[in-house]
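Next up, work12.tsv (TSV, C-alpha atoms and all ligand atoms):
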chain	number	residue	atom	x	y	z
A	64	MET	CA	209.96	110.32	184.39
A	65	LYS	CA	208.28	113.29	186.10
A	66	ILE	CA	205.57	115.81	185.29
A	67	THR	CA	207.22	119.26	185.29
A	68	ASN	CA	204.43	121.57	184.11
A	69	ILE	CA	200.85	121.67	182.83
A	70	LYS	CA	199.64	124.44	180.48
A	71	TRP	CA	196.32	125.14	178.81
A	72	GLU	CA	194.78	127.37	176.17
A	73	LYS	CA	191.16	128.15	175.30
A	74	LEU	CA	189.93	127.52	171.80
A	75	ARG	CA	186.61	128.86	170.52
A	76	VAL	CA	185.03	128.61	167.07
A	77	GLU	CA	181.68	129.80	165.73
A	78	LEU	CA	179.51	127.04	164.25
A	79	ASP	CA	178.28	127.29	160.64
A	80	LYS	CA	174.76	126.63	161.88
A	81	PRO	CA	173.36	126.35	165.43
A	82	PHE	CA	173.54	122.85	166.94
A	83	VAL	CA	170.09	122.28	168.48
A	84	ILE	CA	169.39	119.55	171.05
A	85	ALA	CA	166.74	119.17	173.77
A	86	ILE	CA	168.87	120.72	176.53
A	87	GLY	CA	169.95	123.80	174.57
A	88	VAL	CA	171.25	125.52	171.46
A	89	ALA	CA	174.97	125.87	170.74
A	90	THR	CA	176.11	128.67	168.42
A	91	HIS	CA	179.82	128.13	169.09
A	92	ALA	CA	182.13	125.35	170.20
A	93	GLU	CA	184.53	125.95	173.06
A	94	THR	CA	187.28	123.75	174.41
A	95	MET	CA	190.55	123.88	176.34
A	96	ILE	CA	193.74	122.36	174.96
A	97	VAL	CA	195.94	120.92	177.72
A	98	LYS	CA	199.69	120.34	177.46
A	99	VAL	CA	201.68	118.32	180.00
A	100	GLU	CA	205.48	118.64	180.04
A	101	THR	CA	207.97	116.17	181.53
A	102	ASP	CA	211.59	116.14	182.63
A	103	GLU	CA	212.44	113.82	179.70
A	104	GLY	CA	211.31	116.40	177.13
A	105	ILE	CA	208.25	114.36	176.13
A	106	THR	CA	205.11	116.49	175.84
A	107	GLY	CA	201.55	115.17	175.93
A	108	TYR	CA	198.39	116.80	174.61
A	109	GLY	CA	194.96	116.49	176.13
A	110	GLU	CA	191.71	118.35	176.06
A	111	ALA	CA	189.15	119.59	178.59
A	112	THR	CA	185.79	120.25	176.98
A	113	PRO	CA	183.18	121.19	179.58
A	114	SER	CA	179.46	121.00	178.95
A	115	ALA	CA	177.82	123.18	181.61
A	116	ALA	CA	174.45	121.37	181.51
A	117	VAL	CA	176.06	117.92	181.71
A	118	THR	CA	179.30	118.16	183.73
A	119	GLY	CA	178.49	121.37	185.62
A	120	GLU	CA	181.69	123.00	184.36
A	121	THR	CA	182.43	125.92	182.07
A	122	ILE	CA	185.68	126.85	180.33
A	123	ASP	CA	186.27	129.39	183.10
A	124	THR	CA	185.68	126.94	185.96
A	125	ALA	CA	187.99	124.43	184.24
A	126	ALA	CA	190.59	127.21	183.97
A	127	ALA	CA	190.20	127.81	187.71
A	128	VAL	CA	190.60	124.12	188.61
A	129	LEU	CA	193.56	123.28	186.32
A	130	PRO	CA	196.13	125.25	188.42
A	131	LEU	CA	195.10	123.23	191.50
A	132	LEU	CA	195.60	119.96	189.61
A	133	ARG	CA	198.90	121.18	188.08
A	134	ASP	CA	200.33	122.04	191.50
A	135	ALA	CA	199.20	118.74	193.05
A	136	LEU	CA	200.63	116.63	190.21
A	137	ALA	CA	204.07	118.27	189.92
A	138	GLY	CA	206.77	115.60	190.20
A	139	GLN	CA	204.40	112.63	189.65
A	140	ASN	CA	205.27	109.86	187.19
A	141	PRO	CA	202.89	110.04	184.18
A	142	PHE	CA	202.59	106.22	184.23
A	143	SER	CA	201.20	106.23	187.81
A	144	MET	CA	197.59	106.66	186.68
A	145	GLU	CA	196.06	105.11	189.80
A	146	SER	CA	197.95	107.54	192.05
A	147	ILE	CA	197.31	110.47	189.75
A	148	HIS	CA	193.54	109.90	189.71
A	149	LYS	CA	193.52	109.48	193.51
A	150	ILE	CA	195.41	112.79	193.84
A	151	MET	CA	193.01	114.57	191.44
A	152	ALA	CA	190.03	113.19	193.42
A	153	SER	CA	191.55	114.51	196.65
A	154	VAL	CA	192.08	117.98	195.15
A	155	VAL	CA	188.57	118.51	193.81
A	156	LEU	CA	185.28	116.62	193.54
A	157	ARG	CA	183.79	116.13	190.03
A	158	ASN	CA	185.23	118.67	187.51
A	159	SER	CA	185.53	115.71	185.18
A	160	SER	CA	186.56	117.52	182.01
A	161	ALA	CA	189.48	119.30	183.73
A	162	LYS	CA	190.64	115.88	184.97
A	163	ALA	CA	190.08	114.32	181.54
A	164	GLY	CA	192.32	116.98	179.96
A	165	ILE	CA	195.23	115.84	182.10
A	166	ASP	CA	194.42	112.12	181.86
A	167	ILE	CA	194.41	112.22	178.05
A	168	ALA	CA	197.70	114.13	177.91
A	169	LEU	CA	199.32	111.55	180.22
A	170	TYR	CA	198.22	108.68	177.96
A	171	ASP	CA	199.73	110.61	175.04
A	172	ILE	CA	202.99	110.81	177.01
A	173	MET	CA	202.92	107.09	177.86
A	174	GLY	CA	202.39	106.17	174.21
A	175	LYS	CA	205.22	108.47	173.09
A	176	ARG	CA	207.56	107.13	175.76
A	177	LEU	CA	206.80	103.51	174.73
A	178	GLY	CA	206.80	104.29	171.00
A	179	MET	CA	203.29	102.85	170.79
A	180	PRO	CA	200.00	104.18	169.38
A	181	LEU	CA	197.38	104.67	172.08
A	182	TYR	CA	194.98	102.02	170.74
A	183	LYS	CA	197.69	99.39	171.28
A	184	LEU	CA	198.49	100.64	174.77
A	185	LEU	CA	194.79	100.45	175.73
A	186	GLY	CA	194.18	96.88	174.61
A	187	GLY	CA	195.01	96.63	170.94
A	188	HIS	CA	191.83	94.91	169.75
A	189	ASP	CA	191.66	96.81	166.43
A	190	ASN	CA	192.85	100.01	164.73
A	191	LYS	CA	189.56	100.85	163.00
A	192	LEU	CA	186.08	101.81	164.13
A	193	ILE	CA	182.83	103.08	162.71
A	194	THR	CA	181.52	106.46	163.87
A	195	ASP	CA	178.06	107.84	163.37
A	196	MET	CA	177.27	111.40	162.32
A	197	THR	CA	174.79	113.48	164.30
A	198	VAL	CA	171.73	115.25	162.87
A	199	SER	CA	170.66	118.06	165.23
A	200	ILE	CA	167.07	119.25	165.63
A	201	ASP	CA	165.55	121.29	162.82
A	202	THR	CA	162.34	121.02	160.80
A	203	PRO	CA	161.63	117.36	159.94
A	204	GLU	CA	162.22	118.13	156.25
A	205	ALA	CA	165.58	119.81	156.92
A	206	MET	CA	166.65	116.89	159.15
A	207	ALA	CA	165.80	114.40	156.39
A	208	ALA	CA	167.82	116.45	153.88
A	209	GLU	CA	170.81	116.55	156.26
A	210	ALA	CA	170.57	112.79	156.87
A	211	LEU	CA	170.59	112.18	153.13
A	212	ALA	CA	173.65	114.43	152.73
A	213	TYR	CA	175.53	112.35	155.35
A	214	LYS	CA	174.52	109.14	153.55
A	215	GLN	CA	176.00	110.61	150.37
A	216	GLN	CA	179.23	111.35	152.30
A	217	GLY	CA	179.46	107.62	153.07
A	218	PHE	CA	178.20	107.42	156.66
A	219	GLY	CA	176.44	104.15	157.51
A	220	VAL	CA	175.16	105.14	160.98
A	221	LEU	CA	173.29	108.31	161.93
A	222	LYS	CA	172.34	109.67	165.33
A	223	ILE	CA	169.15	111.71	165.23
A	224	LYS	CA	168.55	114.31	167.92
A	225	ALA	CA	165.06	114.53	169.43
A	226	GLY	CA	163.29	115.53	172.64
A	227	ILE	CA	161.78	118.98	172.03
A	228	ASP	CA	158.48	118.11	170.27
A	229	PRO	CA	157.53	114.40	170.24
A	230	GLU	CA	155.16	114.76	167.26
A	231	ALA	CA	157.94	116.41	165.24
A	232	ASP	CA	160.40	113.72	166.45
A	233	MET	CA	158.20	110.93	165.03
A	234	LEU	CA	157.54	112.82	161.80
A	235	ALA	CA	161.26	113.55	161.34
A	236	MET	CA	162.25	109.92	161.87
A	237	GLY	CA	159.73	108.77	159.25
A	238	LEU	CA	161.04	111.29	156.70
A	239	ILE	CA	164.65	110.38	157.52
A	240	ARG	CA	164.02	106.65	157.02
A	241	GLU	CA	162.33	107.43	153.70
A	242	ALA	CA	165.27	109.63	152.64
A	243	VAL	CA	168.15	107.31	153.62
A	244	GLY	CA	166.56	103.96	152.73
A	245	PRO	CA	166.32	100.70	154.69
A	246	LYS	CA	170.05	99.93	155.14
A	247	MET	CA	171.14	103.01	157.09
A	248	ARG	CA	171.59	102.27	160.79
A	249	LEU	CA	169.69	104.84	162.87
A	250	ARG	CA	169.94	105.71	166.54
A	251	ALA	CA	168.32	108.61	168.39
A	252	ASP	CA	169.06	110.82	171.37
A	253	ALA	CA	166.33	112.69	173.29
A	254	ASN	CA	168.78	114.36	175.72
A	255	GLN	CA	166.36	113.99	178.67
A	256	GLY	CA	163.54	115.73	176.78
A	257	TRP	CA	160.69	113.23	177.13
A	258	SER	CA	158.48	111.97	179.97
A	259	VAL	CA	158.40	108.23	180.62
A	260	ASN	CA	155.08	107.82	178.81
A	261	THR	CA	156.15	109.96	175.85
A	262	ALA	CA	159.34	107.93	175.57
A	263	ILE	CA	157.39	104.66	175.37
A	264	LYS	CA	155.05	106.09	172.72
A	265	VAL	CA	157.79	107.62	170.55
A	266	MET	CA	160.08	104.59	170.87
A	267	ASP	CA	157.30	102.27	169.66
A	268	VAL	CA	156.99	104.42	166.53
A	269	TYR	CA	160.79	104.61	166.17
A	270	GLY	CA	160.83	100.81	166.35
A	271	GLN	CA	158.66	100.67	163.24
A	272	TYR	CA	161.30	102.76	161.44
A	273	GLY	CA	164.05	100.36	162.49
A	274	VAL	CA	165.71	102.68	165.01
A	275	GLU	CA	168.12	100.47	166.97
A	276	MET	CA	168.79	102.51	170.08
A	277	VAL	CA	167.48	105.57	171.92
A	278	GLU	CA	169.74	107.47	174.26
A	279	GLN	CA	168.66	109.20	177.45
A	280	PRO	CA	164.91	109.72	176.91
A	281	VAL	CA	164.27	111.01	180.45
A	282	LYS	CA	165.98	113.13	183.11
A	283	HIS	CA	169.46	112.05	184.21
A	284	TRP	CA	168.37	111.21	187.76
A	285	ASP	CA	165.42	109.02	186.72
A	286	ILE	CA	166.97	105.54	186.82
A	287	ASP	CA	163.59	103.98	187.73
A	288	GLY	CA	162.09	105.70	184.71
A	289	LEU	CA	164.77	104.26	182.42
A	290	ALA	CA	164.20	100.76	183.82
A	291	TYR	CA	160.42	101.12	183.32
A	292	ILE	CA	160.85	102.28	179.70
A	293	ARG	CA	163.28	99.45	179.02
A	294	ARG	CA	160.75	96.83	180.16
A	295	ARG	CA	158.07	98.29	177.86
A	296	THR	CA	159.87	98.93	174.59
A	297	LYS	CA	161.70	96.77	172.05
A	298	VAL	CA	164.16	99.48	170.99
A	299	ALA	CA	167.44	99.31	172.92
A	300	LEU	CA	167.88	101.97	175.57
A	301	GLY	CA	171.07	103.91	176.30
A	302	ALA	CA	172.27	106.05	179.23
A	303	ASP	CA	174.30	109.19	178.59
A	304	GLU	CA	173.60	112.04	181.05
A	305	SER	CA	172.77	109.40	183.74
A	306	LEU	CA	176.26	107.91	183.39
A	307	HIS	CA	179.36	109.77	184.55
A	308	THR	CA	181.32	107.55	186.90
A	309	PRO	CA	181.92	103.81	187.50
A	310	GLU	CA	179.55	104.16	190.49
A	311	ASP	CA	176.78	105.39	188.15
A	312	ALA	CA	177.49	102.39	185.93
A	313	VAL	CA	176.98	100.00	188.86
A	314	LYS	CA	173.64	101.69	189.74
A	315	LEU	CA	172.40	101.46	186.16
A	316	ALA	CA	173.50	97.83	185.84
A	317	LYS	CA	171.87	96.83	189.16
A	318	ALA	CA	168.60	98.48	188.14
A	319	ARG	CA	168.77	96.75	184.72
A	320	ALA	CA	167.94	100.22	183.43
A	321	VAL	CA	169.72	100.25	180.04
A	322	ASP	CA	171.16	98.13	177.24
A	323	VAL	CA	173.94	100.58	176.32
A	324	PHE	CA	176.36	102.85	178.18
A	325	ASN	CA	177.41	106.03	176.37
A	326	ILE	CA	180.77	106.89	177.92
A	327	LYS	CA	182.27	110.31	177.29
A	328	LEU	CA	185.77	111.04	178.52
A	329	MET	CA	184.58	114.50	179.61
A	330	LYS	CA	182.02	112.90	181.97
A	331	SER	CA	184.20	110.05	183.26
A	332	GLY	CA	187.26	112.21	183.96
A	333	GLY	CA	189.37	110.55	181.27
A	334	ILE	CA	190.44	107.21	179.84
A	335	TYR	CA	191.44	105.54	183.12
A	336	PRO	CA	187.96	105.74	184.72
A	337	ALA	CA	186.32	105.09	181.31
A	338	GLN	CA	188.06	101.69	181.18
A	339	ARG	CA	186.46	100.84	184.54
A	340	ILE	CA	183.01	101.81	183.25
A	341	ASN	CA	183.53	99.62	180.20
A	342	ALA	CA	184.59	96.71	182.42
A	343	ILE	CA	181.40	97.08	184.47
A	344	GLY	CA	179.34	97.22	181.27
A	345	GLU	CA	181.01	94.15	179.83
A	346	ALA	CA	180.55	92.17	183.05
A	347	ALA	CA	176.87	93.19	183.18
A	348	GLY	CA	176.16	92.37	179.53
A	349	ILE	CA	175.78	96.05	178.63
A	350	GLY	CA	177.13	97.29	175.31
A	351	VAL	CA	179.32	100.38	175.29
A	352	MET	CA	179.71	103.31	172.96
A	353	LEU	CA	181.95	106.37	173.20
A	354	GLY	CA	180.46	109.79	172.60
A	355	CYS	CA	181.84	113.32	172.63
A	356	MET	CA	181.14	116.88	173.74
A	357	MET	CA	182.65	119.54	171.47
A	358	GLU	CA	186.19	118.18	171.36
A	359	THR	CA	188.77	118.75	168.64
A	360	ARG	CA	190.69	115.88	167.08
A	361	ILE	CA	192.61	115.51	170.36
A	362	GLY	CA	189.61	114.36	172.43
A	363	ASN	CA	188.07	112.46	169.53
A	364	ALA	CA	191.37	110.61	168.88
A	365	ALA	CA	191.62	109.61	172.56
A	366	SER	CA	188.04	108.31	172.53
A	367	ALA	CA	188.55	106.54	169.20
A	368	ALA	CA	191.66	104.80	170.55
A	369	LEU	CA	189.64	103.40	173.45
A	370	VAL	CA	186.82	102.23	171.14
A	371	ALA	CA	189.28	100.43	168.86
A	372	ALA	CA	191.24	98.97	171.76
A	373	GLN	CA	188.33	97.32	173.58
A	374	LYS	CA	186.15	94.63	171.99
A	375	ASN	CA	183.12	95.42	174.19
A	376	ILE	CA	183.03	99.02	172.89
A	377	THR	CA	181.30	98.57	169.57
A	378	GLU	CA	179.78	101.98	168.83
A	379	ALA	CA	181.11	105.51	168.47
A	380	ASP	CA	179.70	109.00	168.09
A	381	LEU	CA	182.93	110.92	167.53
A	382	ASP	CA	182.05	113.66	165.09
A	383	SER	CA	182.73	116.95	166.91
A	384	PHE	CA	186.25	117.50	165.52
A	385	VAL	CA	184.80	118.64	162.18
A	386	HIS	CA	183.95	122.01	163.78
A	387	PHE	CA	187.61	122.71	164.58
A	388	GLU	CA	189.40	121.61	161.40
A	389	GLY	CA	192.36	123.96	160.85
A	390	ALA	CA	192.26	125.52	164.35
A	391	MET	CA	195.64	125.73	166.18
A	392	GLY	CA	197.12	123.58	163.42
A	393	ILE	CA	195.56	120.49	165.01
A	394	SER	CA	195.79	117.49	162.67
A	395	GLY	CA	196.46	113.74	162.77
A	396	GLY	CA	195.20	111.18	165.25
A	397	PHE	CA	193.02	109.38	162.72
A	398	ASP	CA	191.67	109.42	159.18
A	399	LEU	CA	187.91	109.40	158.58
A	400	LYS	CA	186.60	107.96	155.34
A	401	ASN	CA	183.07	106.71	154.64
A	402	GLY	CA	182.30	106.77	158.36
A	403	VAL	CA	185.33	104.60	159.21
A	404	MET	CA	188.02	106.04	161.47
A	405	THR	CA	191.49	104.53	161.03
A	406	LEU	CA	193.83	105.37	163.88
A	407	SER	CA	197.30	106.82	163.46
A	408	GLU	CA	200.24	104.44	163.94
A	409	LYS	CA	202.30	107.25	165.48
A	410	PRO	CA	203.14	106.96	169.18
A	411	GLY	CA	200.53	108.27	171.64
A	412	LEU	CA	197.60	110.11	170.10
A	413	GLY	CA	199.52	110.91	166.90
A	414	ILE	CA	198.30	114.51	167.03
A	415	GLU	CA	200.16	117.45	165.47
A	416	ILE	CA	199.47	120.88	167.02
A	417	ASP	CA	200.92	124.40	167.21
A	418	PHE	CA	200.95	124.77	171.03
B	501	MG	MG	173.65	111.89	174.31
Can you give me the file's structure in the form of structure tokens?
Ligand SMILES: [Mg+2]
Amino acid sequence: MKITNIKWEKLRVELDKPFVIAIGVATHAETMIVKVETDEGITGYGEATPSAAVTGETIDTAAAVLPLLRDALAGQNPFSMESIHKIMASVVLRNSSAKAGIDIALYDIMGKRLGMPLYKLLGGHDNKLITDMTVSIDTPEAMAAEALAYKQQGFGVLKIKAGIDPEADMLAMGLIREAVGPKMRLRADANQGWSVNTAIKVMDVYGQYGVEMVEQPVKHWDIDGLAYIRRRTKVALGADESLHTPEDAVKLAKARAVDVFNIKLMKSGGIYPAQRINAIGEAAGIGVMLGCMMETRIGNAASAALVAAQKNITEADLDSFVHFEGAMGISGGFDLKNGVMTLSEKPGLGIEIDF
């Protein structure tokens, strides 16, 4: 089996309301759908979803890199993932979402060729997982109202964005806990917005509200800062922007800097390197969750398959597909009900799309 061509198409949708986090405001969601064709007539779908502030890529830079990867991978066997990732690394450094777009499409092809859903191909631990829903930054009152609305939709875990104004962050978390009651699981994400001292102060207050984990309180490069915060707070600490590659995972594990790795396929460069990061986390006693950028169902289905497949990956924040429902006829991959994602039993990702 050989790769014969790789195609891509931009997809952009306006958001109903701006998505506000500490590193910026998003008014639209933008992604790139990737299609890999083979000589056996099997087609795989993937997705490249850059986040300029996190991966250093834009849709346009991904569109400039994809032709280089396409030309280098022509004639390769889609099952040769080790070779394919070595070739992609030799073509261009970083550019992780462009690489992820191809990686995901190749796993879709492998699943289709084997007649096997992706979660089985990746380990087969389970076919279900729980995802959280994200509350972006707004007034504390509006955030509490949104959290309550998600509780009423059946979600049992919420991720609360923070990191712009620490006083407002603490106030919002108190109002949210009051609104959703004691049973709702809460986690938070400061997206690098706090100083070390602010993080310790806010996390102590969050601890009183039963927040279980805080993601990326300080700048992505500040591994010492993460380790210092971790030694001084009781709330579990997670790395997101500090964690892209398996090498980052080793650094974080050696420094005993975090309790949780938040892997995103767009940071790791796809499923193949993400499995390595999970293996490092598991060996180091670090829990793993899968997060997302602004992917459609394609990227979310790939991430969900990896969560379900691997026992050490216990948490998921895979909620971005809701922004794209109906776009390009993309459907399938999974069902989401009461915060539980059940994966498709169709081969590969199980995605339907008009492309
Ligand atoms: Mg995050």
**Asked** Hey, which of A:Asn68, A:Asn363, A:Ser258, A:Thr121 ends up closest to Tyr291 (chain A)? Count all atoms listed in the file.
**Response** A:Ser258
**Prompt:** For the atom pair CA of Ser153 (chain A) and CA of Met357 (chain A), what is the interatomic distance in Å to one decimal place?
**Reply:**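 Distance between the two atoms: 27.2 Å.
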**Message:** Distance limit 10 Å, reference ligand MG 501 (chain B), atoms considered: only C-alpha atoms and all ligand atoms. Which residues make the cut? Give them as a list in words.
**Reply:** Ile84, Val117, Lys222, Lys224, Ala251, Asp252, Ala253, Asn254, Gln255, Val277, Glu278, Gln279, Pro280, Gly301, Ala302, Asp303, Glu304, Ser305, Asn325, Ile326, Lys327, Gly354, Cys355, Met356 and Asp380 of chain A
Could the residues in this selection be written to a file with C-alpha atoms, as a PDB file, in the frame of the given file?
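In the end it all went to part-v1.pdb:
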ATOM      1  CA  ILE A  84     169.390 119.550 171.050  1.00  0.00           C
ATOM      2  CA  VAL A 117     176.060 117.920 181.710  1.00  0.00           C
ATOM      3  CA  LYS A 222     172.340 109.670 165.330  1.00  0.00           C
ATOM      4  CA  LYS A 224     168.550 114.310 167.920  1.00  0.00           C
ATOM      5  CA  ALA A 251     168.320 108.610 168.390  1.00  0.00           C
ATOM      6  CA  ASP A 252     169.060 110.820 171.370  1.00  0.00           C
ATOM      7  CA  ALA A 253     166.330 112.690 173.290  1.00  0.00           C
ATOM      8  CA  ASN A 254     168.780 114.360 175.720  1.00  0.00           C
ATOM      9  CA  GLN A 255     166.360 113.990 178.670  1.00  0.00           C
ATOM     10  CA  VAL A 277     167.480 105.570 171.920  1.00  0.00           C
ATOM     11  CA  GLU A 278     169.740 107.470 174.260  1.00  0.00           C
ATOM     12  CA  GLN A 279     168.660 109.200 177.450  1.00  0.00           C
ATOM     13  CA  PRO A 280     164.910 109.720 176.910  1.00  0.00           C
ATOM     14  CA  GLY A 301     171.070 103.910 176.300  1.00  0.00           C
ATOM     15  CA  ALA A 302     172.270 106.050 179.230  1.00  0.00           C
ATOM     16  CA  ASP A 303     174.300 109.190 178.590  1.00  0.00           C
ATOM     17  CA  GLU A 304     173.600 112.040 181.050  1.00  0.00           C
ATOM     18  CA  SER A 305     172.770 109.400 183.740  1.00  0.00           C
ATOM     19  CA  ASN A 325     177.410 106.030 176.370  1.00  0.00           C
ATOM     20  CA  ILE A 326     180.770 106.890 177.920  1.00  0.00           C
ATOM     21  CA  LYS A 327     182.270 110.310 177.290  1.00  0.00           C
ATOM     22  CA  GLY A 354     180.460 109.790 172.600  1.00  0.00           C
ATOM     23  CA  CYS A 355     181.840 113.320 172.630  1.00  0.00           C
ATOM     24  CA  MET A 356     181.140 116.880 173.740  1.00  0.00           C
ATOM     25  CA  ASP A 380     179.700 109.000 168.090  1.00  0.00           C
TER      26      ASP A 380
END
**Asked** Can you tell me, as a list in words, what residues are no more than 7 Å from region 138-147 of chain A when counting only C-alpha atoms, ignoring any on the same chain fewer than 3 positions away?
**Response**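 Within the cut-off, the hits are Met64, Lys65, Ile66, Thr67, Ile150, Met151, Leu169 and Met173 of chain A.
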**Pairwise distance for CA of Asn341 (chain A) and CA of Thr377 (chain A), rounded to one decimal in Å** =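 CA of Asn341 (chain A) sits 10.9 Å away from CA of Thr377 (chain A).
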**Asked** For Met247 (chain A), which of A:Glu378, A:Glu275, A:Asp228, A:Asp267 is the closest residue, counting all atoms listed in the file?
**Response** A:Glu275
**Of the listed residues A:Gly217, A:Gly411, A:Gly344, A:Gly244, that which approaches Ala365 (chain A) most closely, counting all atoms listed in the file** =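 Checking each candidate against Ala365 (chain A), we get A:Gly411 as the closest.
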**Prompt:** Between CA of Ala299 (chain A) and CA of Glu230 (chain A), what is the distance, to one decimal in Å?
**Reply:**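 Distance between the two atoms: 20.5 Å.
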**Message:** Could you check the closest approach to Asn375 (chain A) for each of A:His283, A:His188, A:Arg157, A:Lys73 and tell me which residue wins, using all atoms listed in the file?
**Reply:**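 Going through A:His283, A:His188, A:Arg157, A:Lys73 one by one, the smallest distance to Asn375 (chain A) is for A:His188.
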**Message:** Give me the residues near region 389-397 of chain A as a list in words, where near means some atom within 6 Å (using only C-alpha atoms) and where sequence neighbours in that chain fewer than 6 positions away do not count.
**Reply:**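 Surrounding residues, per the criterion: Ala364, Thr405, Leu406, Ser407, Leu412, Gly413, Ile414, Glu415, Ile416 and Asp417 of chain A.
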**Request:** Would you mind telling me which residue in A:Leu181, A:Ala89, A:Ala212, A:Met95 lies nearest to Leu369 (chain A) when using all atoms listed in the file?
**Result:**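 Checking each candidate against Leu369 (chain A), we get A:Leu181 as the closest.
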**Prompt:** Using all atoms listed in the file, which of A:Pro336, A:Pro229, A:Gly186, A:Pro113 sits nearest Ala161 (chain A)?
**Reply:**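 Looking at the shortest contact to Ala161 (chain A), the residue is A:Pro113.
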**Request:** Find the residues around Ala126 (chain A) up to 12 Å (only C-alpha atoms counted), leave out those fewer than 3 positions away in its own chain, and share them as a ChimeraX atom specification.
**Result:** /A:69-73,94-97,110-113,120-123,129-133,158,160-162,164
**Test item: residues at most 12 Å from Gln338 (chain A), all atoms listed in the file, excluding those fewer than 4 positions along its chain, as a ChimeraX atom specification** = /A:185-186,308-309,312,326-328,331-334,342-345,351-353,366,368-370,372-376
Quick one: what's the axis-aligned box for region 337-346 of chain A, all listed atoms, 8 Å on every side, centre and edges in Å to one decimal, as AutoDock Vina command-line options?
--center_x 183.7 --center_y 98.6 --center_z 182.2 --size_x 24.7 --size_y 28.9 --size_z 20.7
**Message:** Within 10 Å of (187.9, 123.2, 163.1) in the file's own coordinates, which protein, DNA or RNA residues have an atom, counting only C-alpha atoms? List them as a PyMOL selection string.
**Reply:** chain A and resi 74-78+92+358-360+383-394
**Request:** Could you give me, as a PyMOL selection string, the residues within 9 Å of Ala290 (chain A), counting only C-alpha atoms and dropping anything in the same chain fewer than 3 positions from it?
**Result:** chain A and resi 285-287+293-295+315+318-321
